[in-house]
file my_file_31.cif (mmCIF, C-alpha atoms)
data_structure
loop_
_atom_site.label_atom_id
_atom_site.label_comp_id
_atom_site.auth_asym_id
_atom_site.auth_seq_id
_atom_site.Cartn_x
_atom_site.Cartn_y
_atom_site.Cartn_z
CA MET A 25 81.66 99.54 163.02
CA ALA A 26 81.71 102.57 160.72
CA MET A 27 79.66 100.73 158.12
CA THR A 28 77.18 99.11 160.53
CA ASP A 29 76.66 101.92 163.04
CA PRO A 30 77.71 105.31 161.63
CA LYS A 31 76.49 107.32 164.65
CA HIS A 32 78.54 105.20 167.03
CA PHE A 33 81.58 105.55 164.79
CA LEU A 34 81.22 109.32 164.48
CA THR A 35 80.77 109.60 168.24
CA SER A 36 84.01 107.65 168.79
CA VAL A 37 85.83 110.06 166.48
CA PHE A 38 84.47 113.04 168.47
CA GLU A 39 85.54 111.40 171.74
CA ALA A 40 89.08 110.88 170.41
CA ALA A 41 89.29 114.56 169.48
CA VAL A 42 88.15 115.61 172.95
CA ALA A 43 90.50 113.15 174.68
CA ALA A 44 93.49 114.68 172.87
CA ALA A 45 92.66 117.99 174.58
CA ASP A 46 92.18 116.46 178.05
CA PRO A 47 93.59 118.97 180.59
CA GLU A 48 95.07 116.17 182.74
CA LEU A 49 97.34 115.21 179.85
CA THR A 50 98.10 118.62 178.42
CA ILE A 51 98.72 120.56 181.64
CA ARG A 52 101.12 117.99 183.09
CA ARG A 53 103.32 118.47 180.03
CA HIS A 54 103.52 122.25 180.55
CA LEU A 55 104.05 122.76 184.28
CA PRO A 56 106.16 125.87 184.99
CA ALA A 57 109.11 125.95 187.37
CA LYS A 58 108.18 126.51 191.00
CA PRO A 59 108.62 130.09 192.26
CA LYS A 60 110.36 131.37 195.37
CA GLY A 61 107.12 133.01 196.42
CA ARG A 62 103.43 132.21 196.08
CA THR A 63 101.71 130.30 193.28
CA ILE A 64 98.46 131.96 192.23
CA VAL A 65 96.13 130.24 189.76
CA ILE A 66 93.64 132.30 187.77
CA GLY A 67 91.56 131.37 184.77
CA ALA A 68 88.55 131.89 182.57
CA GLY A 69 86.72 129.86 179.98
CA LYS A 70 84.40 126.93 179.45
CA GLY A 71 87.25 124.51 180.18
CA SER A 72 88.90 126.47 183.00
CA ALA A 73 87.43 124.52 185.93
CA GLN A 74 88.64 121.19 184.54
CA MET A 75 92.00 122.81 183.84
CA ALA A 76 92.12 123.99 187.46
CA ALA A 77 91.32 120.51 188.77
CA ALA A 78 94.04 119.03 186.56
CA PHE A 79 96.56 121.64 187.69
CA GLU A 80 95.81 120.90 191.35
CA LYS A 81 96.53 117.21 190.76
CA ALA A 82 99.77 117.89 188.92
CA TRP A 83 101.20 120.61 191.22
CA ASP A 84 102.90 119.28 194.37
CA GLY A 85 103.47 122.64 196.03
CA PRO A 86 101.19 125.20 197.72
CA LEU A 87 98.80 127.15 195.54
CA GLU A 88 95.67 129.29 195.70
CA GLY A 89 93.47 131.07 193.22
CA VAL A 90 90.18 131.50 191.41
CA VAL A 91 88.81 130.66 187.96
CA VAL A 92 85.50 131.48 186.29
CA THR A 93 83.55 129.10 184.06
CA ARG A 94 80.10 128.79 182.52
CA TYR A 95 77.10 127.78 184.62
CA GLY A 96 77.04 123.99 184.86
CA PHE A 97 80.71 123.58 183.85
CA ALA A 98 82.26 123.54 187.36
CA ALA A 99 84.64 120.82 188.52
CA PRO A 100 85.56 119.95 192.12
CA CYS A 101 88.72 121.70 193.34
CA GLU A 102 90.23 121.81 196.83
CA ARG A 103 92.39 124.93 196.72
CA ILE A 104 91.17 126.86 193.69
CA ARG A 105 87.83 128.63 193.96
CA ILE A 106 85.45 128.00 191.06
CA VAL A 107 83.04 130.80 190.11
CA GLU A 108 80.26 130.31 187.57
CA ALA A 109 78.86 133.00 185.28
CA SER A 110 76.83 133.41 182.11
CA HIS A 111 77.84 132.50 178.56
CA PRO A 112 77.42 133.56 175.76
CA VAL A 113 75.91 136.80 177.15
CA PRO A 114 77.66 138.29 180.24
CA ASP A 115 75.93 138.77 183.59
CA ALA A 116 76.52 140.27 187.05
CA ASN A 117 78.27 137.12 188.30
CA GLY A 118 80.82 137.49 185.53
CA LEU A 119 81.33 141.13 186.47
CA GLU A 120 82.07 140.14 190.08
CA ALA A 121 84.34 137.32 188.89
CA ALA A 122 86.40 139.75 186.81
CA LYS A 123 86.80 142.03 189.84
CA LEU A 124 87.82 139.02 191.93
CA LEU A 125 90.49 137.97 189.42
CA LEU A 126 91.96 141.48 189.37
CA GLN A 127 91.99 141.54 193.19
CA THR A 128 93.62 138.10 193.29
CA VAL A 129 96.64 139.23 191.27
CA SER A 130 97.10 142.61 192.95
CA GLY A 131 99.97 143.26 195.35
CA LEU A 132 102.19 140.40 194.13
CA THR A 133 105.99 140.44 194.03
CA GLU A 134 108.55 139.40 191.44
CA ASP A 135 109.08 136.16 193.39
CA ASP A 136 105.44 135.12 192.83
CA LEU A 137 104.09 133.03 189.98
CA VAL A 138 100.69 133.49 188.35
CA VAL A 139 99.42 130.56 186.30
CA ALA A 140 96.63 131.61 183.95
CA LEU A 141 94.35 128.82 182.68
CA ILE A 142 92.61 130.24 179.62
CA SER A 143 90.09 128.60 177.29
CA GLY A 144 87.39 129.68 174.88
CA GLY A 145 84.35 131.38 176.35
CA GLY A 146 86.36 133.63 178.62
CA SER A 147 85.34 136.75 176.72
CA ALA A 148 81.72 136.52 177.86
CA LEU A 149 82.64 135.19 181.31
CA LEU A 150 84.85 138.20 182.15
CA PRO A 151 82.86 141.40 181.62
CA SER A 152 84.85 144.34 182.94
CA PRO A 153 83.54 147.54 181.37
CA ALA A 154 86.23 150.16 180.95
CA GLY A 155 85.96 153.88 181.62
CA ASN A 156 82.36 155.04 182.00
CA LEU A 157 80.90 151.96 180.32
CA THR A 158 78.53 149.64 182.19
CA LEU A 159 77.66 145.96 182.26
CA ALA A 160 74.62 146.81 180.14
CA ASP A 161 76.98 148.25 177.52
CA GLU A 162 79.07 145.07 177.48
CA ILE A 163 75.93 142.97 177.15
CA ALA A 164 74.75 145.13 174.24
CA VAL A 165 78.13 144.80 172.55
CA ASN A 166 78.17 141.03 173.05
CA GLU A 167 74.67 140.59 171.64
CA ALA A 168 75.53 142.75 168.63
CA LEU A 169 78.73 140.79 168.00
CA LEU A 170 76.98 137.41 168.26
CA ALA A 171 74.37 138.51 165.73
CA SER A 172 76.84 140.15 163.32
CA GLY A 173 78.39 137.14 161.61
CA ALA A 174 81.87 138.57 162.29
CA PRO A 175 84.67 136.01 162.83
CA ILE A 176 85.83 135.38 166.39
CA SER A 177 89.13 137.21 165.77
CA ALA A 178 87.23 140.38 164.88
CA MET A 179 84.86 140.01 167.83
CA ASN A 180 87.71 139.69 170.30
CA THR A 181 89.62 142.65 168.86
CA ILE A 182 86.54 144.78 169.51
CA ARG A 183 85.89 143.27 172.95
CA LYS A 184 89.36 144.01 174.27
CA HIS A 185 88.99 147.72 173.53
CA ILE A 186 86.00 148.14 175.84
CA SER A 187 87.42 146.05 178.69
CA GLY A 188 89.40 146.63 181.83
CA ILE A 189 90.66 143.03 181.96
CA LYS A 190 91.11 141.75 178.39
CA GLY A 191 93.92 142.45 175.92
CA GLY A 192 96.70 141.63 178.41
CA ARG A 193 95.34 143.89 181.15
CA LEU A 194 94.98 141.04 183.68
CA ALA A 195 98.65 140.11 183.22
CA ALA A 196 99.64 143.77 183.52
CA ALA A 197 97.74 143.93 186.82
CA ALA A 198 99.81 140.96 188.10
CA HIS A 199 103.14 142.71 187.46
CA PRO A 200 105.84 142.29 188.80
CA ALA A 201 104.88 138.62 189.26
CA ARG A 202 105.74 136.26 186.40
CA VAL A 203 102.67 135.11 184.46
CA VAL A 204 102.61 131.75 182.68
CA SER A 205 99.53 131.34 180.47
CA LEU A 206 98.37 127.83 179.57
CA VAL A 207 95.91 128.22 176.71
CA VAL A 208 93.41 125.82 175.18
CA SER A 209 92.83 127.36 171.77
CA ASP A 210 89.41 127.59 170.14
CA ILE A 211 90.66 130.17 167.63
CA PRO A 212 91.38 129.36 163.97
CA GLY A 213 95.13 129.82 163.63
CA ASP A 214 95.69 129.34 167.39
CA ASN A 215 96.71 132.92 168.21
CA PRO A 216 96.66 132.80 172.05
CA ALA A 217 96.04 136.55 172.26
CA LEU A 218 92.61 136.00 170.73
CA VAL A 219 91.48 133.15 173.01
CA ALA A 220 89.04 134.66 175.55
CA SER A 221 90.16 138.05 174.18
CA GLY A 222 93.60 137.52 175.71
CA PRO A 223 93.26 138.60 179.36
CA THR A 224 96.90 137.64 179.98
CA VAL A 225 98.24 137.79 176.40
CA PRO A 226 98.51 141.18 174.65
CA ASP A 227 98.54 141.64 170.89
CA GLU A 228 99.22 144.49 168.49
CA ALA A 229 95.62 145.17 167.39
CA SER A 230 94.74 148.82 167.97
CA ARG A 231 91.51 150.71 168.57
CA ALA A 232 91.78 151.86 164.95
CA ASP A 233 91.60 148.18 163.99
CA ALA A 234 88.54 147.77 166.21
CA LEU A 235 86.79 150.72 164.58
CA ARG A 236 87.60 149.39 161.11
CA LEU A 237 86.11 145.99 162.00
CA ILE A 238 82.97 147.60 163.42
CA GLU A 239 82.51 149.40 160.09
CA THR A 240 83.40 146.36 157.96
CA TYR A 241 80.84 144.10 159.63
CA ARG A 242 78.30 146.90 160.09
CA ILE A 243 78.01 146.25 163.81
CA ALA A 244 75.55 148.61 165.50
CA LEU A 245 77.00 149.56 168.89
CA PRO A 246 75.81 152.15 171.45
CA ALA A 247 77.12 155.67 170.85
CA ASN A 248 78.96 155.77 174.19
CA VAL A 249 80.78 152.53 173.27
CA ILE A 250 81.95 154.04 169.98
CA ALA A 251 83.02 157.18 171.83
CA HIS A 252 85.07 155.09 174.27
CA ILE A 253 86.82 153.16 171.48
CA ASN A 254 87.65 156.50 169.84
CA SER A 255 89.38 157.67 173.03
CA ALA A 256 92.90 156.98 174.32
CA ALA A 257 91.32 155.23 177.31
CA ALA A 258 90.60 152.27 175.00
CA ASP A 259 94.27 151.68 174.17
CA ALA A 260 95.39 148.20 175.21
CA PRO A 261 98.95 147.37 176.33
CA GLN A 262 101.27 146.25 173.54
CA PRO A 263 103.33 143.02 173.54
CA THR A 264 106.48 145.16 173.88
CA ASP A 265 105.32 146.53 177.24
CA PRO A 266 108.12 145.76 179.75
CA ARG A 267 105.55 144.39 182.23
CA PHE A 268 105.31 141.28 180.02
CA THR A 269 109.05 140.61 179.63
CA ARG A 270 109.22 137.61 182.00
CA ASN A 271 105.90 136.07 180.99
CA GLU A 272 105.39 132.83 179.04
CA VAL A 273 102.54 131.62 176.85
CA HIS A 274 101.89 128.00 175.88
CA VAL A 275 99.09 126.71 173.65
CA ILE A 276 98.54 123.31 175.28
CA ALA A 277 95.63 122.06 173.15
CA SER A 278 94.24 123.03 169.75
CA ALA A 279 91.96 121.97 166.93
CA ALA A 280 94.92 120.77 164.86
CA VAL A 281 96.04 118.27 167.51
CA SER A 282 92.48 117.07 168.12
CA LEU A 283 91.77 116.59 164.41
CA ASP A 284 94.93 114.48 164.10
CA ALA A 285 93.72 112.35 167.03
CA ALA A 286 90.27 111.97 165.46
CA ALA A 287 91.84 110.90 162.17
CA GLU A 288 94.03 108.34 163.90
CA ALA A 289 91.02 106.90 165.76
CA ALA A 290 89.20 106.48 162.45
CA ARG A 291 92.17 104.86 160.76
CA LYS A 292 92.45 102.34 163.61
CA GLN A 293 88.90 101.33 162.73
CA GLY A 294 89.88 100.83 159.12
CA VAL A 295 88.53 104.07 157.68
CA LYS A 296 90.69 106.22 155.40
CA THR A 297 90.60 109.85 156.62
CA VAL A 298 91.37 113.26 155.17
CA ILE A 299 91.53 116.59 157.02
CA LEU A 300 90.34 119.59 155.02
CA SER A 301 91.50 122.27 157.49
CA ASP A 302 91.61 123.06 161.20
CA ALA A 303 90.79 126.74 160.62
CA ILE A 304 87.64 126.99 158.52
CA GLU A 305 85.64 130.18 159.11
CA GLY A 306 82.64 131.76 157.44
CA GLU A 307 78.85 131.75 157.61
CA ALA A 308 77.78 128.37 159.03
CA ARG A 309 75.09 127.67 156.41
CA GLU A 310 77.46 128.54 153.57
CA VAL A 311 80.26 126.36 154.95
CA GLY A 312 77.66 123.60 155.32
CA GLY A 313 76.69 123.97 151.67
CA VAL A 314 80.33 123.70 150.56
CA HIS A 315 80.90 120.59 152.68
CA ALA A 316 77.72 119.08 151.19
CA ALA A 317 79.02 119.74 147.67
CA ILE A 318 82.28 117.95 148.49
CA ALA A 319 80.40 115.01 150.02
CA ARG A 320 78.14 114.76 146.94
CA GLU A 321 81.16 114.79 144.63
CA VAL A 322 82.80 111.95 146.54
CA ALA A 323 79.57 109.95 146.82
CA THR A 324 78.60 110.26 143.14
CA ARG A 325 81.92 110.66 141.29
CA ASN A 326 84.56 109.29 143.68
CA ARG A 327 86.50 112.56 143.60
CA PRO A 328 88.45 114.40 144.98
CA PHE A 329 88.67 111.43 147.40
CA ASN A 330 87.91 107.76 146.87
CA LYS A 331 85.19 106.33 149.07
CA PRO A 332 84.93 104.98 151.68
CA VAL A 333 86.43 107.99 153.43
CA LEU A 334 86.00 110.14 156.51
CA ILE A 335 86.30 113.88 155.88
CA LEU A 336 87.23 116.01 158.91
CA SER A 337 87.38 119.75 159.39
CA GLY A 338 87.67 122.19 162.27
CA GLY A 339 87.58 125.92 162.94
CA GLU A 340 84.77 128.21 163.98
CA THR A 341 81.94 129.29 161.75
CA THR A 342 79.60 132.16 162.53
CA VAL A 343 75.86 132.71 162.34
CA THR A 344 74.30 135.96 161.22
CA LEU A 345 70.99 135.99 163.10
CA ARG A 346 68.01 136.59 160.87
CA ALA A 347 65.39 135.37 163.35
CA LYS A 348 65.07 134.23 166.96
CA GLY A 349 65.04 130.46 166.56
CA LYS A 350 66.90 127.88 168.64
CA GLY A 351 70.26 126.63 167.50
CA GLY A 352 73.99 127.15 167.23
CA ARG A 353 76.63 127.29 164.55
CA ASN A 354 77.15 123.51 164.38
CA SER A 355 73.48 122.61 164.08
CA GLU A 356 73.02 125.41 161.51
CA PHE A 357 76.01 124.11 159.52
CA LEU A 358 74.59 120.61 159.62
CA LEU A 359 71.06 121.61 158.60
CA ALA A 360 72.46 123.32 155.50
CA PHE A 361 74.59 120.21 154.92
CA ALA A 362 71.56 117.93 155.26
CA ILE A 363 69.64 120.00 152.71
CA GLY A 364 72.63 119.73 150.36
CA ILE A 365 72.82 115.91 150.51
CA ASP A 366 69.07 115.29 150.60
CA GLY A 367 68.24 111.90 149.06
CA LEU A 368 71.82 110.63 148.79
CA GLN A 369 72.54 107.30 150.48
CA GLY A 370 75.79 106.38 152.19
CA ILE A 371 76.59 109.77 153.75
CA ASP A 372 76.52 110.30 157.54
CA ALA A 373 77.77 113.39 159.36
CA LEU A 374 78.30 114.83 162.82
CA ALA A 375 79.00 118.49 163.56
CA ALA A 376 79.65 119.39 167.19
CA ASP A 377 81.39 121.86 169.46
CA THR A 378 84.17 120.15 171.39
CA ASP A 379 83.13 121.90 174.62
CA GLY A 380 79.86 119.95 174.53
CA ILE A 381 77.53 122.92 174.01
CA ASP A 382 76.45 124.44 170.70
CA GLY A 383 74.76 127.80 171.16
CA SER A 384 72.37 128.25 174.07
CA GLU A 385 70.83 124.76 174.33
CA ASP A 386 72.24 121.57 175.89
CA ASN A 387 73.38 119.84 172.67
CA ALA A 388 76.89 119.92 171.22
CA GLY A 389 75.56 119.61 167.69
CA ALA A 390 73.69 117.01 165.68
CA PHE A 391 73.82 114.05 163.29
CA ALA A 392 72.60 114.08 159.68
CA ASP A 393 72.35 111.76 156.69
CA GLY A 394 70.67 111.68 153.30
CA SER A 395 67.29 110.91 154.88
CA THR A 396 67.33 113.77 157.40
CA VAL A 397 65.30 116.26 155.36
CA SER A 398 62.64 113.70 154.39
CA ARG A 399 62.35 112.53 158.01
CA MET A 400 61.88 116.15 159.08
CA HIS A 401 59.18 116.52 156.42
CA ALA A 402 57.45 113.43 157.81
CA ALA A 403 57.51 115.16 161.22
CA SER A 404 55.84 118.23 159.66
CA VAL A 405 59.07 120.24 159.77
CA ASP A 406 60.27 122.21 156.73
CA ALA A 407 64.09 122.04 156.81
CA LYS A 408 64.60 125.08 154.58
CA ALA A 409 62.18 127.17 156.65
CA MET A 410 63.97 126.09 159.82
CA LEU A 411 67.30 127.14 158.32
CA ALA A 412 65.89 130.50 157.25
CA GLY A 413 64.65 131.05 160.81
CA ASN A 414 67.92 130.08 162.57
CA ASN A 415 65.93 127.21 164.07
CA ALA A 416 68.23 124.24 163.48
CA TRP A 417 67.86 122.91 167.04
CA THR A 418 64.11 122.54 166.57
CA ALA A 419 64.62 120.80 163.23
CA PHE A 420 67.03 118.18 164.55
CA ASN A 421 65.07 117.73 167.76
CA SER A 422 62.02 116.80 165.68
CA VAL A 423 63.82 113.71 164.33
CA GLY A 424 65.81 112.81 167.47
CA ASP A 425 69.19 113.60 165.93
CA LEU A 426 70.61 116.06 168.47
CA PHE A 427 74.04 115.11 169.85
CA VAL A 428 74.16 115.66 173.63
CA PRO A 429 77.45 114.49 175.22
CA GLY A 430 77.36 117.09 178.03
CA PRO A 431 80.19 119.47 178.99
CA THR A 432 83.54 117.95 178.02
CA GLY A 433 85.91 120.05 180.11
CA THR A 434 87.83 121.38 177.13
CA ASN A 435 87.22 123.60 174.11
CA VAL A 436 89.19 123.34 170.87
CA ASN A 437 86.44 124.60 168.61
CA ASP A 438 84.20 122.71 166.22
CA LEU A 439 84.60 119.19 164.85
CA ARG A 440 82.89 118.27 161.60
CA ALA A 441 83.07 114.59 160.59
CA ILE A 442 81.53 113.32 157.33
CA LEU A 443 81.57 109.57 156.62
CA ILE A 444 81.01 108.55 153.00
CA ARG A 445 80.51 104.82 152.71
#

call {"tool": "encode", "arguments": {"input": "my_file_31.cif", "output": "structure tokens"}}
result
Amino acid sequence: MAMTDPKHFLTSVFEAAVAAADPELTIRRHLPAKPKGRTIVIGAGKGSAQMAAAFEKAWDGPLEGVVVTRYGFAAPCERIRIVEASHPVPDANGLEAAKLLLQTVSGLTEDDLVVALISGGGSALLPSPAGNLTLADEIAVNEALLASGAPISAMNTIRKHISGIKGGRLAAAAHPARVVSLVVSDIPGDNPALVASGPTVPDEASRADALRLIETYRIALPANVIAHINSAAADAPQPTDPRFTRNEVHVIASAAVSLDAAAEAARKQGVKTVILSDAIEGEAREVGGVHAAIAREVATRNRPFNKPVLILSGGETTVTLRAKGKGGRNSEFLLAFAIGIDGLQGIDALAADTDGIDGSEDNAGAFADGSTVSRMHAASVDAKAMLAGNNAWTAFNSVGDLFVPGPTGTNVNDLRAILIR
């Protein structure tokens, strides 16, 4: 199948990666012990509604709670309330959802259990401006971060220092109840404190670290935001805080596990597979150029891998916005990749976000091969101009190569699959 229908093959590899992160499988393996008191479920992220539905099926005792997810990503639940809000830029619904989560965990006792279902996307879905900051300030910060090209770890370190809910503050608000966090990681390296900016998982990053990152990546933030981060009010709780002593954190799905599943699915179809890394970061177009160079080397010189071979990688690239085109990091990666393999036969690639949405449009990513650039040219589209204008969605749409699986219910970052026949 890989040789006769590369798109179908690459899609099957993507589906295997997503299936390995299926909440129904992963949550059942990590159910906490039942408490003497109440069971409260909270959550945030693009996969949180599906996680809530899976938890309801697996839990045979009473429970109640609320989770927030992106518009269009809801799943039917009977006992857990699902709230939808905006991603990747926060909105008023997210602000109300953050208040609701804080209210939901207030007034609990040490006999109660809070189960936190956390996945990527929760940072934007839970705006909770600290001190004298406003929702408009959080929106401005988010827009500046998205345009900066900073890695997700840096973004979330900054975000937690302007928030009243991130950086472990939601777990602190639940004290003295025990908090068990079940985390679907979309962070290179799988540090659970960085997923959704860690609402229930504190880390050691300080406001001094946040200020250093703002300077390093030359992020232009409002003066009142900088003033807040410079104040003691921005300090986040540390992991050594006694309020977290009884808490547990489990990473239940990750890019590493999903890449292994994708590789196994390919091997079952007779295709040798190599995994470059599950934690690749950097500017999307530059990472795309490097992947193209590797693919060219294999296709033309049979090194560093013998063809036929499937090359997989994961992680989260970034896009420094230079214009206001349509696209996302996966389509931008793949457009640079397509330019890099232009004219070469026998190379097919898919780059997609495992949550089903890449950027602000409805595609997860796109397909490309050695004819992509010439087909775009035939459609009166200049691939290099599209890349320069951050307009990768428009480029791939012009040749019908967008990949649109719809929301998947999970989020373990990006999957890049390159088949060299």

call {"tool": "resolve_selection", "arguments": {"input": "my_file_31.cif", "expression": "the PyMOL selection byres ((chain A and resi 161) around 12)", "output": "ChimeraX atom specification"}}
result
/A:113-115,151-160,162-168,183,186-187,245-250,252

call {"tool": "resolve_selection", "arguments": {"input": "my_file_31.cif", "expression": "the PyMOL selection byres ((chain A and resi 216) around 10)", "output": "PyMOL selection string"}}
result
chain A and resi 142-143+205-211+213-215+217-227+273-275

call {"tool": "atom_distance", "arguments": {"input": "my_file_31.cif", "atom1": "atom CA of Asn414 of chain A", "atom2": "atom CA of Arg353 of chain A"}}
result
9.4 Å

call {"tool": "atom_distance", "arguments": {"input": "my_file_31.cif", "atom1": "atom CA of Glu385 of chain A", "atom2": "atom CA of Tyr95 of chain A"}}
result
12.4 Å

call {"tool": "residues_around", "arguments": {"input": "my_file_31.cif", "residues": "Glu307 of chain A", "least_positions_apart": "3", "cutoff": "6 Å", "atoms": "all atoms listed in the file", "output": "JSON, numbers by chain"}}
result
{"A": [310, 341, 342, 343]}

call {"tool": "write_last_selection", "arguments": {"input": "my_file_31.cif", "atoms": "C-alpha atoms", "output": "JSON list (two decimals), keeping the file's coordinate frame"}}
result
[["chain", "number", "residue", "atom", "x", "y", "z"],
["A", 310, "GLU", "CA", 77.46, 128.54, 153.57],
["A", 341, "THR", "CA", 81.94, 129.29, 161.75],
["A", 342, "THR", "CA", 79.60, 132.16, 162.53],
["A", 343, "VAL", "CA", 75.86, 132.71, 162.34]]

call {"tool": "closest_residue", "arguments": {"input": "my_file_31.cif", "among": "A:Arg202, A:His185, A:Arg445, A:Lys31", "to": "Leu235 of chain A", "atoms": "all atoms listed in the file"}}
result
A:His185

call {"tool": "atom_distance", "arguments": {"input": "my_file_31.cif", "atom1": "atom CA of Gly433 of chain A", "atom2": "atom CA of Glu80 of chain A"}}
result
15.0 Å

call {"tool": "resolve_selection", "arguments": {"input": "my_file_31.cif", "expression": "the PyMOL selection byres ((chain A and resi 72) around 9)", "output": "MDAnalysis selection string"}}
result
chainID A and resid 66:71 73:77 91:93 97:99 106 141:144 146 433:434

call {"tool": "write_last_selection", "arguments": {"input": "my_file_31.cif", "atoms": "C-alpha atoms", "output": "tab-separated table (two decimals), keeping the file's coordinate frame"}}
result
chain	number	residue	atom	x	y	z
A	66	ILE	CA	93.64	132.30	187.77
A	67	GLY	CA	91.56	131.37	184.77
A	68	ALA	CA	88.55	131.89	182.57
A	69	GLY	CA	86.72	129.86	179.98
A	70	LYS	CA	84.40	126.93	179.45
A	71	GLY	CA	87.25	124.51	180.18
A	73	ALA	CA	87.43	124.52	185.93
A	74	GLN	CA	88.64	121.19	184.54
A	75	MET	CA	92.00	122.81	183.84
A	76	ALA	CA	92.12	123.99	187.46
A	77	ALA	CA	91.32	120.51	188.77
A	91	VAL	CA	88.81	130.66	187.96
A	92	VAL	CA	85.50	131.48	186.29
A	93	THR	CA	83.55	129.10	184.06
A	97	PHE	CA	80.71	123.58	183.85
A	98	ALA	CA	82.26	123.54	187.36
A	99	ALA	CA	84.64	120.82	188.52
A	106	ILE	CA	85.45	128.00	191.06
A	141	LEU	CA	94.35	128.82	182.68
A	142	ILE	CA	92.61	130.24	179.62
A	143	SER	CA	90.09	128.60	177.29
A	144	GLY	CA	87.39	129.68	174.88
A	146	GLY	CA	86.36	133.63	178.62
A	433	GLY	CA	85.91	120.05	180.11
A	434	THR	CA	87.83	121.38	177.13

call {"tool": "closest_residue", "arguments": {"input": "my_file_31.cif", "among": "A:Ser282, A:Ser301, A:Thr133, A:Asn330", "to": "Ala41 of chain A", "atoms": "all atoms listed in the file"}}
result
A:Ser282

call {"tool": "axis_aligned_box", "arguments": {"input": "my_file_31.cif", "around": "segment 421-426 of chain A", "padding_each_side": "6 Å", "output": "lines of an AutoDock Vina configuration file"}}
result
center_x = 66.3
center_y = 115.3
center_z = 166.4
size_x = 20.6
size_y = 16.9
size_z = 16.1

call {"tool": "closest_residue", "arguments": {"input": "my_file_31.cif", "among": "A:Thr181, A:Asn415, A:Gln369, A:Ser398", "to": "Gly383 of chain A", "atoms": "all atoms listed in the file"}}
result
A:Asn415

call {"tool": "residues_around", "arguments": {"input": "my_file_31.cif", "residues": "Pro332 of chain A", "least_positions_apart": "6", "cutoff": "8 Å", "atoms": "only C-alpha atoms", "output": "PyMOL selection string"}}
result
chain A and resi 295-296+443-445

call {"tool": "residues_around", "arguments": {"input": "my_file_31.cif", "residues": "Leu126 of chain A", "least_positions_apart": "5", "cutoff": "8 Å", "atoms": "all atoms listed in the file", "output": "list in words"}}
result
Ile189, Leu194, Ala197 and Ala198 of chain A

call {"tool": "residues_near_point", "arguments": {"input": "my_file_31.cif", "point": "(56.1, 119.1, 164.6)", "cutoff": "12 Å", "atoms": "all atoms listed in the file", "output": "list in words"}}
result
Arg399, Met400, His401, Ala402, Ala403, Ser404, Val405, Asp406, Ala407, Met410, Thr418, Ala419, Phe420, Asn421, Ser422, Val423 and Gly424 of chain A

call {"tool": "write_last_selection", "arguments": {"input": "my_file_31.cif", "atoms": "C-alpha atoms", "output": "PDB file, in the coordinates of the input"}}
result
ATOM      1  CA  ARG A 399      62.350 112.530 158.010  1.00  0.00           C
ATOM      2  CA  MET A 400      61.880 116.150 159.080  1.00  0.00           C
ATOM      3  CA  HIS A 401      59.180 116.520 156.420  1.00  0.00           C
ATOM      4  CA  ALA A 402      57.450 113.430 157.810  1.00  0.00           C
ATOM      5  CA  ALA A 403      57.510 115.160 161.220  1.00  0.00           C
ATOM      6  CA  SER A 404      55.840 118.230 159.660  1.00  0.00           C
ATOM      7  CA  VAL A 405      59.070 120.240 159.770  1.00  0.00           C
ATOM      8  CA  ASP A 406      60.270 122.210 156.730  1.00  0.00           C
ATOM      9  CA  ALA A 407      64.090 122.040 156.810  1.00  0.00           C
ATOM     10  CA  MET A 410      63.970 126.090 159.820  1.00  0.00           C
ATOM     11  CA  THR A 418      64.110 122.540 166.570  1.00  0.00           C
ATOM     12  CA  ALA A 419      64.620 120.800 163.230  1.00  0.00           C
ATOM     13  CA  PHE A 420      67.030 118.180 164.550  1.00  0.00           C
ATOM     14  CA  ASN A 421      65.070 117.730 167.760  1.00  0.00           C
ATOM     15  CA  SER A 422      62.020 116.800 165.680  1.00  0.00           C
ATOM     16  CA  VAL A 423      63.820 113.710 164.330  1.00  0.00           C
ATOM     17  CA  GLY A 424      65.810 112.810 167.470  1.00  0.00           C
TER      18      GLY A 424
END

call {"tool": "closest_residue", "arguments": {"input": "my_file_31.cif", "among": "A:Thr378, A:Asn437, A:Ser384, A:Ser337", "to": "Val311 of chain A", "atoms": "all atoms listed in the file"}}
result
A:Ser337
